[in-house]
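J.: The structure follows.
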Amino acid sequence: MLWKEEFSVEAAQERYVTRRQFGKFLTLTSLAMLAGNVWILLRSAWRRGEPEPPAQLVLRAGEVPAGGVRVFRYPGPNDPCLLLRTGPASYVAYSQKCTHLSCAVYPSDDGRRLECPCHEGYFSLDDGRVLQGPPPRPLPRILLEQRGGEVWAVGVHDGKVLS
Amino acid sequence: MTEPGPQRPRATTAMDGAIALIAVLLIVQMWLLMATVESFLAGHAEVAAPAALISALLFAACAGLYAFIERLDRAATRSRR
């Protein structure tokens with residue numbers, strides 16, 4: 001009969017069916033959370049197996065004055081980075097993407113911090129650690145090497161503060 | 001004096017308890033996933049394995065509680081026939 005197809009559950013049974021279905025929904029959501037954790041585990045394993053990115057020439061001698069800044073891309077074309085010349089022969093470089101919501105960071109007016117204009121996040125110029133604002137992690141640091149008068153990017157130090 | 005309401009079946013009370021427990025475990029699992037993502041993005045890959053193991057245990061507990069709900073439902077259906 002048509003009404004039995006339309007109303008396949010008896011009224012007395014309904015309270016059991018709704019609870020069972022809600023329980024199933026919660027359990028499947030729990031399975032999705034597990035899948036997320038397993039995905040991160042696999043990504044971690046892949047990341048360990050990845051080779052270091054190749055070295056890249058960032059700067060030739062005299063191209064940027066002391067206190068100057070250069071934007072470059074490393075290790076890929078979608079990874080903007082900032083190189084700052086902090087002294088006559090000292091350089092630091094960080095990813096330009098804020099660790100909060102990936103806005104571009106730039107040196108603050110006083111030149112002693114990196115500033116994210118979106119949500120007033122500030123990072124230390126010395127080691128990339130968060131000084132203020134919502135960013136949850138330090139800026140990834142680009143490892144630099146000076147070869148003769150040239151500055152080369154040779155690797156990325158993700159998120160951890162280097163001493 | 002008010003009339004007492006209809007007797008609430010014990011099976012639905014047990015089901016409600018199991019669902020509440022599943023919900024609590026799920027909230028813990030969500031928090032665990034968020035913390036693992038944050039650690040992964042911060043370069044701490046070493047937390048991924050223990051987090052996945054704990055998440056698997058939490059899921060197993062949820063699945064066990066759901067099996068309990070199913071069993072109660074089957075028993076209740078049988079008793080009504």
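Residue numbers start at 1 in each chain; chains themselves are named A, B, ... in the order of the structure tokens; ligands are numbered from 1 in the order shown.
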Show which residues sit within 6 Å of segment 48-60 of chain B, as a ChimeraX atom specification. Count only C-alpha atoms, and ignore same-chain residues fewer than 3 positions away.

T.: /A:30,34,37-38,41 /B:45,63

J.: At a cut-off of 12 Å, using only C-alpha atoms, what residues contact Arg10 of chain B? Leave out same-chain residues fewer than 4 positions from it and give the result as a PyMOL selection string.

T.: (chain A and resi 16) or (chain B and resi 14-17+72-73+75-76)

J.: Write a file of the selected residues as a compact mmCIF listing (two decimals), in the first residue's frame, keeping all heavy atoms.

T.:
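What follows is the written file out.txt:
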# COMPACT_ATOMS: atom_id res chain seq x y z
N TYR A 16 13.39 5.17 18.25
CA TYR A 16 14.57 4.33 18.11
C TYR A 16 15.31 4.65 16.81
O TYR A 16 16.52 4.74 16.78
CB TYR A 16 14.18 2.85 18.12
CG TYR A 16 13.64 2.41 19.45
CD1 TYR A 16 12.28 2.33 19.68
CD2 TYR A 16 14.51 2.07 20.47
CE1 TYR A 16 11.79 1.95 20.90
CE2 TYR A 16 14.03 1.68 21.70
CZ TYR A 16 12.66 1.62 21.92
OH TYR A 16 12.17 1.24 23.14
N ALA B 14 19.14 4.40 27.59
CA ALA B 14 20.48 3.86 27.34
C ALA B 14 21.04 4.39 26.02
O ALA B 14 22.23 4.72 25.91
CB ALA B 14 20.43 2.33 27.31
N MET B 15 20.17 4.48 25.02
CA MET B 15 20.60 5.02 23.72
C MET B 15 21.06 6.47 23.86
O MET B 15 22.09 6.87 23.30
CB MET B 15 19.44 4.98 22.72
CG MET B 15 19.25 3.64 22.05
SD MET B 15 17.82 3.78 20.98
CE MET B 15 18.04 2.37 19.93
N ASP B 16 20.29 7.26 24.61
CA ASP B 16 20.66 8.66 24.81
C ASP B 16 22.03 8.77 25.49
O ASP B 16 22.86 9.60 25.13
CB ASP B 16 19.61 9.37 25.68
CG ASP B 16 18.33 9.62 24.90
OD1 ASP B 16 18.37 9.48 23.66
OD2 ASP B 16 17.30 9.94 25.53
N GLY B 17 22.25 7.91 26.47
CA GLY B 17 23.54 7.91 27.17
C GLY B 17 24.67 7.59 26.22
O GLY B 17 25.73 8.24 26.23
N LEU B 72 20.50 -2.49 20.95
CA LEU B 72 19.30 -2.07 21.70
C LEU B 72 18.11 -1.90 20.77
O LEU B 72 16.99 -2.30 21.10
CB LEU B 72 19.58 -0.74 22.40
CG LEU B 72 20.42 -0.75 23.66
CD1 LEU B 72 20.62 0.68 24.16
CD2 LEU B 72 19.76 -1.59 24.75
N ASP B 73 18.38 -1.32 19.60
CA ASP B 73 17.31 -1.07 18.64
C ASP B 73 16.71 -2.39 18.16
O ASP B 73 15.48 -2.54 18.09
CB ASP B 73 17.89 -0.27 17.47
CG ASP B 73 16.81 0.10 16.47
OD1 ASP B 73 15.70 0.39 16.90
OD2 ASP B 73 17.09 0.07 15.26
N ALA B 75 16.80 -5.27 19.73
CA ALA B 75 16.09 -5.91 20.84
C ALA B 75 14.72 -5.27 21.04
O ALA B 75 13.71 -5.96 21.26
CB ALA B 75 16.93 -5.80 22.11
N ALA B 76 14.68 -3.93 20.93
CA ALA B 76 13.41 -3.22 21.12
C ALA B 76 12.43 -3.58 20.01
O ALA B 76 11.24 -3.75 20.25
CB ALA B 76 13.67 -1.72 21.15

J.: Please report, as an MDAnalysis selection string, each residue of segment 85-149 of chain A to which DSSP assigns strand (DSSP E) when run on this structure's backbone.

T.: chainID A and resid 85 91:95 106:107 113:116 121:124 130:132 141:147

J.: Determine, using only C-alpha atoms, which residues of chain A have any atom at most 8 Å from an atom of chain B, and tabulate each with its shortest atom pair and distance in Å to one decimal place, rows ordered by chain and then rising number, as a Markdown table.

T.:
| residue | atom | partner | partner_atom | distance |
| --- | --- | --- | --- | --- |
| A:Gln13 | CA | B:Thr77 | CA | 7.5 |
| A:Arg15 | CA | B:Thr12 | CA | 7.5 |
| A:Tyr16 | CA | B:Asp73 | CA | 6.1 |
| A:Val17 | CA | B:Asp73 | CA | 7.8 |
| A:Arg19 | CA | B:Met15 | CA | 6.9 |
| A:Arg20 | CA | B:Ile69 | CA | 6.4 |
| A:Phe22 | CA | B:Ile19 | CA | 7.9 |
| A:Gly23 | CA | B:Ile19 | CA | 5.8 |
| A:Lys24 | CA | B:Tyr66 | CA | 6.7 |
| A:Leu26 | CA | B:Ala23 | CA | 6.9 |
| A:Thr27 | CA | B:Cys62 | CA | 5.8 |
| A:Thr29 | CA | B:Leu26 | CA | 7.7 |
| A:Ser30 | CA | B:Phe59 | CA | 5.7 |
| A:Leu31 | CA | B:Phe59 | CA | 6.2 |
| A:Met33 | CA | B:Met30 | CA | 6.5 |
| A:Leu34 | CA | B:Ser55 | CA | 5.4 |
| A:Gly36 | CA | B:Leu33 | CA | 6.9 |
| A:Asn37 | CA | B:Ala52 | CA | 5.0 |
| A:Val38 | CA | B:Ala52 | CA | 5.7 |
| A:Ile40 | CA | B:Ala48 | CA | 6.4 |
| A:Leu41 | CA | B:Ala48 | CA | 4.9 |
| A:Ser44 | CA | B:Ala45 | CA | 5.5 |
| A:Arg137 | CA | B:Ala42 | CA | 6.3 |
| A:Pro138 | CA | B:Ala42 | CA | 7.9 |
| A:Asp158 | CA | B:Gly43 | CA | 5.3 |
| A:Gly159 | CA | B:Ala42 | CA | 4.6 |
| A:Lys160 | CA | B:Ala42 | CA | 6.5 |

J.: Go ahead and save the picked residues with N, CA, C and O atoms, as an mmCIF file, in the first residue's frame.

T.:
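Saved to part-v1.cif:
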data_model
loop_
_atom_site.group_PDB
_atom_site.id
_atom_site.type_symbol
_atom_site.label_atom_id
_atom_site.label_comp_id
_atom_site.auth_asym_id
_atom_site.auth_seq_id
_atom_site.Cartn_x
_atom_site.Cartn_y
_atom_site.Cartn_z
ATOM 1 N N GLN A 13 8.079 3.206 16.758
ATOM 2 C CA GLN A 13 9.473 2.860 16.447
ATOM 3 C C GLN A 13 10.333 4.090 16.204
ATOM 4 O O GLN A 13 11.551 4.002 16.184
ATOM 5 N N ARG A 15 11.245 6.798 17.712
ATOM 6 C CA ARG A 15 12.256 7.299 18.646
ATOM 7 C C ARG A 15 13.537 6.469 18.579
ATOM 8 O O ARG A 15 14.626 6.970 18.803
ATOM 9 N N TYR A 16 13.385 5.174 18.246
ATOM 10 C CA TYR A 16 14.567 4.328 18.109
ATOM 11 C C TYR A 16 15.308 4.649 16.814
ATOM 12 O O TYR A 16 16.524 4.736 16.776
ATOM 13 N N VAL A 17 14.506 4.824 15.749
ATOM 14 C CA VAL A 17 15.117 5.066 14.430
ATOM 15 C C VAL A 17 15.893 6.372 14.433
ATOM 16 O O VAL A 17 17.032 6.433 13.964
ATOM 17 N N ARG A 19 17.253 7.971 16.923
ATOM 18 C CA ARG A 19 18.462 7.853 17.744
ATOM 19 C C ARG A 19 19.532 7.028 17.017
ATOM 20 O O ARG A 19 20.712 7.354 17.049
ATOM 21 N N ARG A 20 19.083 5.938 16.391
ATOM 22 C CA ARG A 20 20.040 5.096 15.664
ATOM 23 C C ARG A 20 20.698 5.879 14.523
ATOM 24 O O ARG A 20 21.895 5.819 14.326
ATOM 25 N N PHE A 22 21.032 9.142 14.255
ATOM 26 C CA PHE A 22 21.916 10.181 14.786
ATOM 27 C C PHE A 22 23.228 9.559 15.272
ATOM 28 O O PHE A 22 24.315 10.104 15.063
ATOM 29 N N GLY A 23 23.127 8.398 15.914
ATOM 30 C CA GLY A 23 24.326 7.677 16.355
ATOM 31 C C GLY A 23 25.212 7.305 15.172
ATOM 32 O O GLY A 23 26.436 7.421 15.228
ATOM 33 N N LYS A 24 24.573 6.883 14.076
ATOM 34 C CA LYS A 24 25.333 6.514 12.880
ATOM 35 C C LYS A 24 26.037 7.743 12.305
ATOM 36 O O LYS A 24 27.211 7.686 11.931
ATOM 37 N N LEU A 26 27.028 10.421 13.919
ATOM 38 C CA LEU A 26 28.160 10.794 14.777
ATOM 39 C C LEU A 26 29.331 9.841 14.567
ATOM 40 O O LEU A 26 30.494 10.253 14.527
ATOM 41 N N THR A 27 29.033 8.551 14.414
ATOM 42 C CA THR A 27 30.108 7.566 14.243
ATOM 43 C C THR A 27 30.811 7.770 12.899
ATOM 44 O O THR A 27 32.042 7.662 12.818
ATOM 45 N N THR A 29 31.071 10.627 11.386
ATOM 46 C CA THR A 29 31.892 11.832 11.556
ATOM 47 C C THR A 29 33.196 11.487 12.267
ATOM 48 O O THR A 29 34.261 12.011 11.927
ATOM 49 N N SER A 30 33.099 10.590 13.238
ATOM 50 C CA SER A 30 34.305 10.132 13.937
ATOM 51 C C SER A 30 35.259 9.442 12.959
ATOM 52 O O SER A 30 36.479 9.628 13.023
ATOM 53 N N LEU A 31 34.687 8.671 12.023
ATOM 54 C CA LEU A 31 35.518 8.009 11.002
ATOM 55 C C LEU A 31 36.212 9.064 10.134
ATOM 56 O O LEU A 31 37.391 8.908 9.771
ATOM 57 N N MET A 33 37.119 12.039 11.071
ATOM 58 C CA MET A 33 38.215 12.604 11.875
ATOM 59 C C MET A 33 39.431 11.682 11.836
ATOM 60 O O MET A 33 40.572 12.123 11.703
ATOM 61 N N LEU A 34 39.176 10.372 11.929
ATOM 62 C CA LEU A 34 40.274 9.401 11.857
ATOM 63 C C LEU A 34 40.953 9.489 10.490
ATOM 64 O O LEU A 34 42.189 9.459 10.407
ATOM 65 N N GLY A 36 41.208 12.050 8.620
ATOM 66 C CA GLY A 36 42.037 13.261 8.632
ATOM 67 C C GLY A 36 43.376 13.017 9.312
ATOM 68 O O GLY A 36 44.433 13.413 8.815
ATOM 69 N N ASN A 37 43.343 12.324 10.449
ATOM 70 C CA ASN A 37 44.585 12.044 11.168
ATOM 71 C C ASN A 37 45.503 11.117 10.365
ATOM 72 O O ASN A 37 46.724 11.300 10.345
ATOM 73 N N VAL A 38 44.889 10.135 9.703
ATOM 74 C CA VAL A 38 45.697 9.198 8.886
ATOM 75 C C VAL A 38 46.311 9.950 7.703
ATOM 76 O O VAL A 38 47.471 9.724 7.343
ATOM 77 N N ILE A 40 47.216 13.081 7.639
ATOM 78 C CA ILE A 40 48.364 13.859 8.132
ATOM 79 C C ILE A 40 49.561 12.938 8.369
ATOM 80 O O ILE A 40 50.700 13.297 8.070
ATOM 81 N N LEU A 41 49.283 11.730 8.866
ATOM 82 C CA LEU A 41 50.365 10.763 9.086
ATOM 83 C C LEU A 41 51.058 10.434 7.757
ATOM 84 O O LEU A 41 52.301 10.402 7.669
ATOM 85 N N SER A 44 53.130 13.332 6.564
ATOM 86 C CA SER A 44 54.377 13.429 7.323
ATOM 87 C C SER A 44 55.413 12.457 6.768
ATOM 88 O O SER A 44 56.594 12.799 6.649
ATOM 89 N N ARG A 137 52.131 30.466 14.548
ATOM 90 C CA ARG A 137 53.467 29.878 14.411
ATOM 91 C C ARG A 137 54.473 30.922 13.920
ATOM 92 O O ARG A 137 54.067 31.911 13.293
ATOM 93 N N PRO A 138 55.764 30.659 14.133
ATOM 94 C CA PRO A 138 56.769 31.561 13.560
ATOM 95 C C PRO A 138 56.757 31.496 12.028
ATOM 96 O O PRO A 138 56.242 30.543 11.443
ATOM 97 N N ASP A 158 60.850 24.982 8.364
ATOM 98 C CA ASP A 158 59.412 25.193 8.575
ATOM 99 C C ASP A 158 59.068 25.489 10.015
ATOM 100 O O ASP A 158 59.236 24.634 10.883
ATOM 101 N N GLY A 159 58.573 26.677 10.225
ATOM 102 C CA GLY A 159 57.895 26.968 11.482
ATOM 103 C C GLY A 159 58.719 26.985 12.748
ATOM 104 O O GLY A 159 58.391 27.688 13.664
ATOM 105 N N LYS A 160 59.784 26.196 12.835
ATOM 106 C CA LYS A 160 60.507 26.145 14.108
ATOM 107 C C LYS A 160 61.431 27.360 14.225
ATOM 108 O O LYS A 160 62.023 27.790 13.242
#

J.: Could you please write out, as a PyMOL selection string, every residue of segment 40-113 of chain A that DSSP assigns to helix (DSSP H, G or I)?

T.: chain A and resi 40-49

J.: Please report the interatomic distance between atom CA of Gln132 of chain A and atom CA of Lys97 of chain A in Å with one decimal.

T.: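 Separation of atom CA of Gln132 of chain A and atom CA of Lys97 of chain A: 15.9 Å.
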
J.: Out of A:Glu50, A:Asp127, A:Glu115, A:Glu63, which residue has the shortest atom-to-atom distance to Ile142 of chain A when counting only C-alpha atoms?

T.: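 The answer is A:Asp127, which sits nearest to Ile142 of chain A.
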
J.: Might you pull out every residue within 8 Å of Trp152 of chain A, with only C-alpha atoms counted and same-chain residues fewer than 6 positions away left off, and present them as a VMD selection string?

T.: chain A and resid 55 to 59 144 to 146

J.: Write to file, as a PDB file, in the first residue's frame, the residues of the selection just made, with N, CA and C atoms.

T.:
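Result went into selection.pdb, see below:
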ATOM      1  N   ALA A  55      69.497  24.633  -4.346  1.00  0.00           N
ATOM      2  CA  ALA A  55      69.940  25.983  -3.978  1.00  0.00           C
ATOM      3  C   ALA A  55      69.590  26.968  -5.097  1.00  0.00           C
ATOM      4  N   GLN A  56      69.324  28.199  -4.692  1.00  0.00           N
ATOM      5  CA  GLN A  56      68.921  29.206  -5.681  1.00  0.00           C
ATOM      6  C   GLN A  56      69.633  30.528  -5.372  1.00  0.00           C
ATOM      7  N   LEU A  57      70.180  31.127  -6.392  1.00  0.00           N
ATOM      8  CA  LEU A  57      70.847  32.419  -6.213  1.00  0.00           C
ATOM      9  C   LEU A  57      69.787  33.497  -5.944  1.00  0.00           C
ATOM     10  N   VAL A  58      69.969  34.235  -4.850  1.00  0.00           N
ATOM     11  CA  VAL A  58      68.988  35.254  -4.488  1.00  0.00           C
ATOM     12  C   VAL A  58      69.532  36.656  -4.766  1.00  0.00           C
ATOM     13  N   LEU A  59      70.823  36.817  -4.523  1.00  0.00           N
ATOM     14  CA  LEU A  59      71.366  38.177  -4.513  1.00  0.00           C
ATOM     15  C   LEU A  59      72.829  38.154  -4.915  1.00  0.00           C
ATOM     16  N   LEU A 144      70.077  30.507   4.378  1.00  0.00           N
ATOM     17  CA  LEU A 144      70.917  31.228   3.411  1.00  0.00           C
ATOM     18  C   LEU A 144      72.372  30.804   3.527  1.00  0.00           C
ATOM     19  N   GLU A 145      73.053  30.939   2.438  1.00  0.00           N
ATOM     20  CA  GLU A 145      74.486  30.636   2.416  1.00  0.00           C
ATOM     21  C   GLU A 145      75.166  31.738   1.600  1.00  0.00           C
ATOM     22  N   GLN A 146      76.282  32.239   2.106  1.00  0.00           N
ATOM     23  CA  GLN A 146      77.020  33.244   1.328  1.00  0.00           C
ATOM     24  C   GLN A 146      78.165  32.556   0.610  1.00  0.00           C
TER      25      GLN A 146
END

J.: Mind giving me the straight-line distance from atom CA of Leu114 of chain A to atom CA of Ser95 of chain A in Å, one decimal?

T.: 10.8 Å

J.: Have a look at atom CA of Thr99 of chain A and atom CA of Pro136 of chain A and let me know their distance in Å, one decimal.

T.: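 Interatomic distance, atom CA of Thr99 of chain A to atom CA of Pro136 of chain A: 6.6 Å.
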
J.: Which residues come within 10 Å of Ser108 of chain A, counting only C-alpha atoms, excluding same-chain residues fewer than 4 positions away, as a PyMOL selection string?

T.: chain A and resi 112-117+122-123+125

J.: Take the residues from that selection and write them out as a compact mmCIF listing (two decimals), in the first residue's frame, keeping C-alpha atoms.

T.:
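As a result, part-v2.txt now contains:
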# COMPACT_ATOMS: atom_id res chain seq x y z
CA ARG A 112 62.94 45.93 13.43
CA ARG A 113 59.96 43.64 12.89
CA LEU A 114 57.97 42.01 10.14
CA GLU A 115 54.38 43.13 10.06
CA CYS A 116 51.25 41.47 8.74
CA PRO A 117 48.80 44.27 7.89
CA TYR A 122 54.23 41.03 14.17
CA PHE A 123 57.21 38.72 13.78
CA LEU A 125 63.33 39.95 12.48
